[in-house]
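Chemist: protein.pdb is reproduced in full below (PDB, C-alpha atoms and all ligand atoms).
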```pdb
ATOM      1  CA  MET A   1       0.000   0.000   0.000
ATOM      2  CA  ALA A   2       1.372   3.416  -0.945
ATOM      3  CA  THR A   3       1.817   5.788   1.961
ATOM      4  CA  ARG A   4       1.870   9.553   1.844
ATOM      5  CA  ILE A   5       3.361  12.080   4.263
ATOM      6  CA  ASN A   6       1.695  15.509   4.189
ATOM      7  CA  PRO A   7       3.375  18.116   6.405
ATOM      8  CA  SER A   8       0.997  20.739   7.806
ATOM      9  CA  ILE A   9       2.217  24.298   7.338
ATOM     10  CA  LEU A  10       0.256  25.299  10.424
ATOM     11  CA  ALA A  11       3.538  24.497  12.211
ATOM     12  CA  ALA A  12       5.740  26.354   9.697
ATOM     13  CA  ASP A  13       7.241  29.832   9.966
ATOM     14  CA  PHE A  14       4.385  31.997   8.671
ATOM     15  CA  ALA A  15       6.802  34.717   7.569
ATOM     16  CA  ASN A  16       8.758  32.367   5.298
ATOM     17  CA  PHE A  17       6.393  29.976   3.575
ATOM     18  CA  GLU A  18       8.403  29.722   0.388
ATOM     19  CA  SER A  19      11.561  28.512   2.118
ATOM     20  CA  GLU A  20       9.524  26.327   4.501
ATOM     21  CA  LEU A  21       7.968  24.597   1.497
ATOM     22  CA  PHE A  22      11.441  24.010   0.098
ATOM     23  CA  ARG A  23      12.497  22.297   3.348
ATOM     24  CA  ILE A  24       9.719  19.707   2.992
ATOM     25  CA  ARG A  25      10.009  19.042  -0.741
ATOM     26  CA  SER A  26      10.662  15.315  -0.140
ATOM     27  CA  ALA A  27       7.111  14.951   1.227
ATOM     28  CA  ASP A  28       4.074  14.046  -0.888
ATOM     29  CA  LEU A  29       1.596  16.894  -0.460
ATOM     30  CA  VAL A  30       1.445  20.105   1.544
ATOM     31  CA  HIS A  31      -1.400  20.136   4.068
ATOM     32  CA  VAL A  32      -3.019  23.570   4.436
ATOM     33  CA  ASP A  33      -5.362  24.146   7.388
ATOM     34  CA  ILE A  34      -8.104  26.682   6.708
ATOM     35  CA  MET A  35      -9.862  27.801   9.921
ATOM     36  CA  ASP A  36     -12.629  30.386  10.193
ATOM     37  CA  ASN A  37     -13.004  30.959  13.963
ATOM     38  CA  HIS A  38     -16.576  29.607  13.705
ATOM     39  CA  PHE A  39     -16.287  25.915  12.957
ATOM     40  CA  VAL A  40     -13.160  25.878  15.134
ATOM     41  CA  PRO A  41     -11.962  28.471  17.656
ATOM     42  CA  ASN A  42      -8.952  29.546  15.610
ATOM     43  CA  LEU A  43      -8.241  31.542  12.487
ATOM     44  CA  THR A  44      -5.627  30.872   9.813
ATOM     45  CA  PHE A  45      -5.519  31.589   6.089
ATOM     46  CA  GLY A  46      -7.991  31.988   3.253
ATOM     47  CA  LEU A  47      -8.276  31.622  -0.474
ATOM     48  CA  GLY A  48      -5.887  34.459  -1.372
ATOM     49  CA  MET A  49      -3.085  32.797   0.561
ATOM     50  CA  VAL A  50      -3.798  29.443  -1.047
ATOM     51  CA  GLU A  51      -3.766  30.950  -4.540
ATOM     52  CA  ARG A  52      -0.286  32.306  -3.821
ATOM     53  CA  LEU A  53       0.942  29.050  -2.232
ATOM     54  CA  GLN A  54      -0.285  27.242  -5.312
ATOM     55  CA  GLN A  55       2.114  29.363  -7.392
ATOM     56  CA  VAL A  56       5.207  28.733  -5.289
ATOM     57  CA  SER A  57       4.724  25.218  -3.885
ATOM     58  CA  PRO A  58       6.842  22.439  -5.368
ATOM     59  CA  LEU A  59       4.258  19.949  -4.048
ATOM     60  CA  PRO A  60       0.497  19.709  -4.642
ATOM     61  CA  LEU A  61      -1.774  21.247  -2.002
ATOM     62  CA  ASP A  62      -4.014  19.211   0.312
ATOM     63  CA  ILE A  63      -6.596  21.682   1.636
ATOM     64  CA  HIS A  64      -8.301  20.938   4.974
ATOM     65  CA  LEU A  65     -11.311  23.201   5.438
ATOM     66  CA  MET A  66     -12.264  23.642   9.085
ATOM     67  CA  ILE A  67     -14.980  26.124   8.220
ATOM     68  CA  ASP A  68     -18.731  26.580   8.285
ATOM     69  CA  ASP A  69     -20.595  26.859   5.007
ATOM     70  CA  PRO A  70     -18.155  24.793   2.911
ATOM     71  CA  GLU A  71     -20.622  24.966  -0.027
ATOM     72  CA  ARG A  72     -19.750  28.613  -0.353
ATOM     73  CA  TRP A  73     -15.968  28.334  -0.136
ATOM     74  CA  ALA A  74     -14.750  24.859  -1.075
ATOM     75  CA  PRO A  75     -15.233  25.172  -4.867
ATOM     76  CA  GLY A  76     -12.955  28.240  -4.910
ATOM     77  CA  TYR A  77     -10.067  26.176  -3.532
ATOM     78  CA  ALA A  78     -10.623  23.550  -6.202
ATOM     79  CA  GLU A  79     -10.703  26.273  -8.852
ATOM     80  CA  ALA A  80      -7.424  27.638  -7.490
ATOM     81  CA  GLY A  81      -5.856  24.311  -8.456
ATOM     82  CA  ALA A  82      -5.711  22.494  -5.109
ATOM     83  CA  TYR A  83      -5.010  18.796  -5.555
ATOM     84  CA  SER A  84      -7.466  17.809  -2.842
ATOM     85  CA  VAL A  85     -10.134  19.712  -0.934
ATOM     86  CA  THR A  86     -11.448  18.183   2.290
ATOM     87  CA  PHE A  87     -14.469  19.611   4.107
ATOM     88  CA  HIS A  88     -15.950  18.531   7.441
ATOM     89  CA  ALA A  89     -18.938  16.190   7.607
ATOM     90  CA  GLU A  90     -20.255  18.177  10.588
ATOM     91  CA  ALA A  91     -20.370  21.402   8.563
ATOM     92  CA  THR A  92     -22.718  20.298   5.780
ATOM     93  CA  THR A  93     -25.960  18.435   5.224
ATOM     94  CA  GLU A  94     -25.129  17.707   1.565
ATOM     95  CA  PRO A  95     -21.685  16.061   1.569
ATOM     96  CA  VAL A  96     -22.276  14.066  -1.610
ATOM     97  CA  ALA A  97     -23.434  17.055  -3.654
ATOM     98  CA  LEU A  98     -20.413  19.063  -2.517
ATOM     99  CA  ALA A  99     -17.967  16.231  -3.239
ATOM    100  CA  ARG A 100     -19.425  15.858  -6.728
ATOM    101  CA  ARG A 101     -18.958  19.545  -7.361
ATOM    102  CA  LEU A 102     -15.319  19.420  -6.256
ATOM    103  CA  ARG A 103     -14.618  16.419  -8.468
ATOM    104  CA  GLN A 104     -16.297  18.139 -11.377
ATOM    105  CA  ILE A 105     -13.921  21.081 -10.993
ATOM    106  CA  GLY A 106     -11.023  18.639 -11.012
ATOM    107  CA  ALA A 107      -9.976  18.274  -7.371
ATOM    108  CA  ARG A 108      -9.941  15.142  -5.263
ATOM    109  CA  ALA A 109     -12.818  15.380  -2.793
ATOM    110  CA  GLY A 110     -12.298  14.606   0.880
ATOM    111  CA  ILE A 111     -14.585  14.355   3.887
ATOM    112  CA  ALA A 112     -13.280  14.878   7.417
ATOM    113  CA  LEU A 113     -14.670  13.472  10.666
ATOM    114  CA  LYS A 114     -14.085  15.021  14.092
ATOM    115  CA  PRO A 115     -13.097  12.536  16.822
ATOM    116  CA  GLY A 116     -16.675  12.284  18.099
ATOM    117  CA  THR A 117     -18.291  11.781  14.670
ATOM    118  CA  ASP A 118     -19.366   8.267  13.773
ATOM    119  CA  VAL A 119     -18.161   6.836  10.476
ATOM    120  CA  THR A 120     -21.020   4.398   9.847
ATOM    121  CA  ALA A 121     -23.157   6.777   7.794
ATOM    122  CA  TYR A 122     -20.287   7.305   5.352
ATOM    123  CA  LEU A 123     -19.212   3.707   4.767
ATOM    124  CA  ASP A 124     -21.758   3.182   2.010
ATOM    125  CA  LEU A 125     -20.886   6.515   0.380
ATOM    126  CA  LEU A 126     -17.178   5.867  -0.080
ATOM    127  CA  ASP A 127     -17.367   5.896  -3.872
ATOM    128  CA  GLU A 128     -18.323   9.590  -3.649
ATOM    129  CA  PHE A 129     -15.011  10.543  -2.021
ATOM    130  CA  ASP A 130     -11.317  10.285  -2.852
ATOM    131  CA  GLN A 131     -10.181  10.686   0.729
ATOM    132  CA  VAL A 132     -11.592  10.310   4.243
ATOM    133  CA  LEU A 133      -9.831  12.287   6.953
ATOM    134  CA  VAL A 134     -10.144  10.808  10.431
ATOM    135  CA  MET A 135      -9.203  13.564  12.862
ATOM    136  CA  THR A 136      -6.950  12.215  15.596
ATOM    137  CA  VAL A 137      -7.251  15.415  17.673
ATOM    138  CA  GLU A 138     -10.051  17.953  18.084
ATOM    139  CA  PRO A 139      -9.569  20.252  15.087
ATOM    140  CA  GLY A 140      -8.348  23.786  15.727
ATOM    141  CA  PHE A 141      -4.761  23.642  16.915
ATOM    142  CA  GLY A 142      -1.444  21.989  16.187
ATOM    143  CA  GLY A 143       0.688  20.317  18.829
ATOM    144  CA  GLN A 144      -2.041  18.261  20.524
ATOM    145  CA  SER A 145      -1.833  14.611  21.583
ATOM    146  CA  PHE A 146      -2.927  11.761  19.315
ATOM    147  CA  MET A 147      -6.292  10.213  20.303
ATOM    148  CA  GLU A 148      -5.932   6.469  19.919
ATOM    149  CA  GLU A 149      -9.655   5.968  20.549
ATOM    150  CA  THR A 150     -10.315   7.157  16.982
ATOM    151  CA  MET A 151      -8.546   4.106  15.499
ATOM    152  CA  PRO A 152     -11.618   1.832  15.231
ATOM    153  CA  LYS A 153     -12.988   4.246  12.610
ATOM    154  CA  LEU A 154      -9.914   3.636  10.470
ATOM    155  CA  SER A 155     -10.239  -0.112  10.769
ATOM    156  CA  GLN A 156     -13.872   0.135   9.648
ATOM    157  CA  LEU A 157     -12.894   2.333   6.722
ATOM    158  CA  ARG A 158      -9.986   0.110   5.731
ATOM    159  CA  SER A 159     -12.124  -3.026   5.610
ATOM    160  CA  GLN A 160     -14.768  -1.205   3.569
ATOM    161  CA  VAL A 161     -12.117   0.039   1.120
ATOM    162  CA  GLU A 162     -10.790  -3.484   0.786
ATOM    163  CA  LYS A 163     -14.258  -4.950   0.359
ATOM    164  CA  THR A 164     -15.210  -2.480  -2.361
ATOM    165  CA  GLY A 165     -11.793  -2.161  -4.032
ATOM    166  CA  LEU A 166     -12.230   1.625  -4.190
ATOM    167  CA  ASP A 167      -9.197   3.909  -4.404
ATOM    168  CA  VAL A 168      -9.979   6.030  -1.343
ATOM    169  CA  TRP A 169      -7.106   7.427   0.696
ATOM    170  CA  LEU A 170      -7.480   7.186   4.465
ATOM    171  CA  GLN A 171      -5.896  10.183   6.137
ATOM    172  CA  VAL A 172      -5.091  10.905   9.781
ATOM    173  CA  ASP A 173      -4.385  14.362  11.155
ATOM    174  CA  GLY A 174      -3.286  15.437  14.623
ATOM    175  CA  GLY A 175      -0.522  14.314  16.960
ATOM    176  CA  ILE A 176       1.248  12.209  14.316
ATOM    177  CA  THR A 177       4.823  11.456  15.399
ATOM    178  CA  ALA A 178       7.381   8.716  14.692
ATOM    179  CA  GLN A 179       5.605   6.732  17.438
ATOM    180  CA  THR A 180       1.914   7.326  16.776
ATOM    181  CA  ILE A 181       2.254   6.918  13.008
ATOM    182  CA  GLU A 182       2.787   3.185  13.521
ATOM    183  CA  ILE A 183      -0.490   2.885  15.429
ATOM    184  CA  ALA A 184      -2.383   4.764  12.710
ATOM    185  CA  ALA A 185      -0.756   2.760   9.909
ATOM    186  CA  ARG A 186      -1.611  -0.528  11.625
ATOM    187  CA  ALA A 187      -5.228   0.608  11.959
ATOM    188  CA  GLY A 188      -5.387   1.245   8.206
ATOM    189  CA  ALA A 189      -4.297   4.822   7.484
ATOM    190  CA  ASP A 190      -2.207   5.452   4.365
ATOM    191  CA  THR A 191      -1.983   9.259   4.351
ATOM    192  CA  PHE A 192      -0.420  11.054   7.302
ATOM    193  CA  VAL A 193      -0.562  14.731   8.187
ATOM    194  CA  ALA A 194       2.209  15.888  10.502
ATOM    195  CA  GLY A 195       2.732  19.467  11.623
ATOM    196  CA  SER A 196       4.882  19.928  14.708
ATOM    197  CA  SER A 197       6.755  16.645  14.313
ATOM    198  CA  VAL A 198       8.045  17.738  10.874
ATOM    199  CA  PHE A 199       8.556  21.485  11.277
ATOM    200  CA  GLY A 200       9.707  21.120  14.883
ATOM    201  CA  ALA A 201      12.451  18.713  13.818
ATOM    202  CA  GLU A 202      15.985  19.950  13.339
ATOM    203  CA  ASN A 203      16.014  18.281   9.946
ATOM    204  CA  PRO A 204      12.489  18.122   8.459
ATOM    205  CA  ALA A 205      13.645  16.023   5.475
ATOM    206  CA  ALA A 206      15.114  13.392   7.793
ATOM    207  CA  GLN A 207      11.930  13.427   9.867
ATOM    208  CA  ILE A 208       9.825  12.894   6.735
ATOM    209  CA  GLY A 209      12.066   9.924   5.896
ATOM    210  CA  LEU A 210      11.648   8.507   9.392
ATOM    211  CA  LEU A 211       7.860   8.895   9.298
ATOM    212  CA  ARG A 212       7.802   7.162   5.910
ATOM    213  CA  GLU A 213       9.833   4.275   7.244
ATOM    214  CA  ARG A 214       7.700   3.861  10.372
ATOM    215  CA  ALA A 215       4.447   4.035   8.398
ATOM    216  CA  ALA A 216       5.641   1.227   6.164
ATOM    217  CA  SER A 217       6.963  -1.020   8.953
TER     218      SER A 217
HETATM  219  C1  LIG B   1      -5.455  20.593  13.542
HETATM  220  C2  LIG B   1      -4.989  20.602  12.113
HETATM  221  C3  LIG B   1      -3.748  19.813  11.878
HETATM  222  C4  LIG B   1      -2.536  20.306  12.615
HETATM  223  C5  LIG B   1      -1.765  19.093  13.033
HETATM  224  O1  LIG B   1      -6.747  21.106  13.591
HETATM  225  O2  LIG B   1      -5.991  20.067  11.264
HETATM  226  O3  LIG B   1      -3.474  19.682  10.488
HETATM  227  O4  LIG B   1      -1.689  21.123  11.845
HETATM  228  O5  LIG B   1      -0.715  19.492  13.826
HETATM  229  P1  LIG B   1       0.154  18.480  14.690
HETATM  230  O6  LIG B   1       0.805  17.517  13.724
HETATM  231  O7  LIG B   1       1.129  19.369  15.357
HETATM  232  O8  LIG B   1      -0.781  17.777  15.623
HETATM  233 ZN    ZN B   2      -5.428  19.576   9.170
END
```
Can you dump the structure from the file as structure tokens?
Modeler:
Amino acid sequence: MATRINPSILAADFANFESELFRIRSADLVHVDIMDNHFVPNLTFGLGMVERLQQVSPLPLDIHLMIDDPERWAPGYAEAGAYSVTFHAEATTEPVALARRLRQIGARAGIALKPGTDVTAYLDLLDEFDQVLVMTVEPGFGGQSFMEETMPKLSQLRSQVEKTGLDVWLQVDGGITAQTIEIAARAGADTFVAGSSVFGAENPAAQIGLLRERAAS
């Protein structure tokens, strides 16, 4: 199974994104956390920033929308050229319609689940998505501890993906380190977001290599 390491620039130096992106060029995608101070109690960047990142990033962008009203905003990120756009299940009543719209524009469509959100309702809808993001912390902040109790959701998703043969990536986000990545990989994740463990490392490229190794072991 292919594994992907997606560093989150929430933990990068906000005054030097271009050089920060260069430091992580051995990763797979760049994870960009969009927060609106409504869906989560924190505020980060918006579409203008993503349009600019899209121009300078050597890697494709993996957009994680922690915002209300994703119907209004998500298509703009797809139009800006983002490789994947993931919105939260808790923020919409029409996840399938929104995913179809994103795919139509040309992005991979992702759906994210907060730690307390059950996965069952989405298991039969997997063909509508390219990625499911199982949050392993409460969304809103970097540097929190991995919640192992979310792992059963990954196991359920992994067996459904295997049963159906669909090409859906299973992503984890929050508290991913060289230790916790093994737990998430064993439970069935193949796509790993890591903020502080990559940008907090002395050598981010070496840390990406280590995470890759541990995910595959
Ligand atoms: C949290 C964000 C994460 C965050 C992860 O709401 O979605 O992407 O950057 O940060 P770490 O890896 O530090 O837990
Ligand atoms: Zn994220």
Chemist: Going by the chain IDs and residue numbers used in this file, which residues fall under the PyMOL selection byres (((not hetatm)) within 7 of (chain B and resi 2))? Write them as a PyMOL selection string.
Modeler: chain A and resi 8+31-33+64+173+193
Chemist: If we count only C-alpha atoms and set the cut-off at 10 Å, which residues sit around region 133-137 of chain A, ignoring sequence neighbours fewer than 6 positions away in its own chain? Please answer as a PyMOL selection string.
Modeler: chain A and resi 64+86-89+110-117+119+143-151+153-154+157+169-176+184+189+191-193
Chemist: Go through the shown structure with the PyMOL selection byres (((chain A and resi 40-56) around 12) and not hetatm) and write out the matching residues as number ranges by chain.
Modeler: A: 9-11, 14, 16-22, 25, 29-39, 57-68, 72-83, 85, 88, 90-91, 114, 138-142
Chemist: With all atoms listed in the file as the basis for distance, which of A:Thr120, A:Thr180, A:Ser84, A:Ser217 is at the shortest distance from ligand LIG 1 (chain B)?
Modeler: A:Thr180
Chemist: How big is the axis-aligned box, and where does its centre sit, when it encloses all atoms of region 160-177 of chain A listed in the file and has 8 Å added on every side, reported in Å to one decimal as JSON?
Modeler:
```
{"center_x": -5.2, "center_y": 5.2, "center_z": 6.3, "size_x": 36.0, "size_y": 36.4, "size_z": 37.4}
```
Chemist: For Leu125 (chain A), list every protein, DNA or RNA residue within 12 Å, evaluated using all atoms listed in the file, and leave out those in the same chain fewer than 3 positions away; present the list as JSON, numbers by chain.
Modeler: {"A": [95, 96, 97, 99, 100, 110, 111, 119, 120, 121, 122, 128, 129, 130, 131, 132, 157, 160, 161, 164, 166, 168]}
Chemist: Work out how far CA of Asn6 (chain A) is from atom O4 of ligand LIG 1 (chain B), in Å to one decimal.
Modeler: 10.1 Å
Chemist: Looking at all atoms listed in the file, which of A:Glu162, A:Ala215, A:Asp124, A:Ala206 is the one that sits closest to Ala185 (chain A)?
Modeler: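 Nearest to Ala185 (chain A): A:Ala215.
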Chemist: Find the distance between CA of Ala27 (chain A) and CA of Ile5 (chain A) and write it in Å to one decimal.
Modeler: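 The value is 5.6 Å.
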Chemist: Using all atoms listed in the file, find the one residue out of A:Pro7, A:Asp190, A:Glu182, A:Ala201 that sits nearest to ligand LIG 1 (chain B).
Modeler: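 Of A:Pro7, A:Asp190, A:Glu182, A:Ala201, the one nearest ligand LIG 1 (chain B), counting all atoms listed in the file, is A:Pro7.
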Chemist: I want to know what sits within 8 Å of region 207-213 of chain A, based on only C-alpha atoms, with residues of the same chain fewer than 4 positions away left out; could you give that as a PyMOL selection string?
Modeler: chain A and resi 3-5+24+26-27+177-178+181+197-198+201+203+217
Chemist: Which distance in Å separates CA of Asp28 (chain A) and CA of Pro204 (chain A), to one decimal?
Modeler: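 A separation of 13.2 Å between them.
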Chemist: Choose the residue, out of A:Leu123, A:Glu71, A:Phe199, A:Ala15, that has the smallest atom-to-atom separation from ligand LIG 1 (chain B); count only C-alpha atoms and all ligand atoms.
Modeler: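 Closest candidate: A:Phe199.
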Chemist: Let me make sure I understand: among A:Gly200, A:Ala216, A:Arg108, A:Ala205, which one has the smallest atom-to-atom distance to ligand LIG 1 (chain B) if we use only C-alpha atoms and all ligand atoms?
Modeler: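 Checking each of A:Gly200, A:Ala216, A:Arg108, A:Ala205 against ligand LIG 1 (chain B), counting only C-alpha atoms and all ligand atoms, the winner is A:Gly200.
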Chemist: Which of these residues is nearest to ligand LIG 1 (chain B), using all atoms listed in the file: A:Gln179, A:Thr92, A:Ser155, A:Ser196?
Modeler: A:Ser196
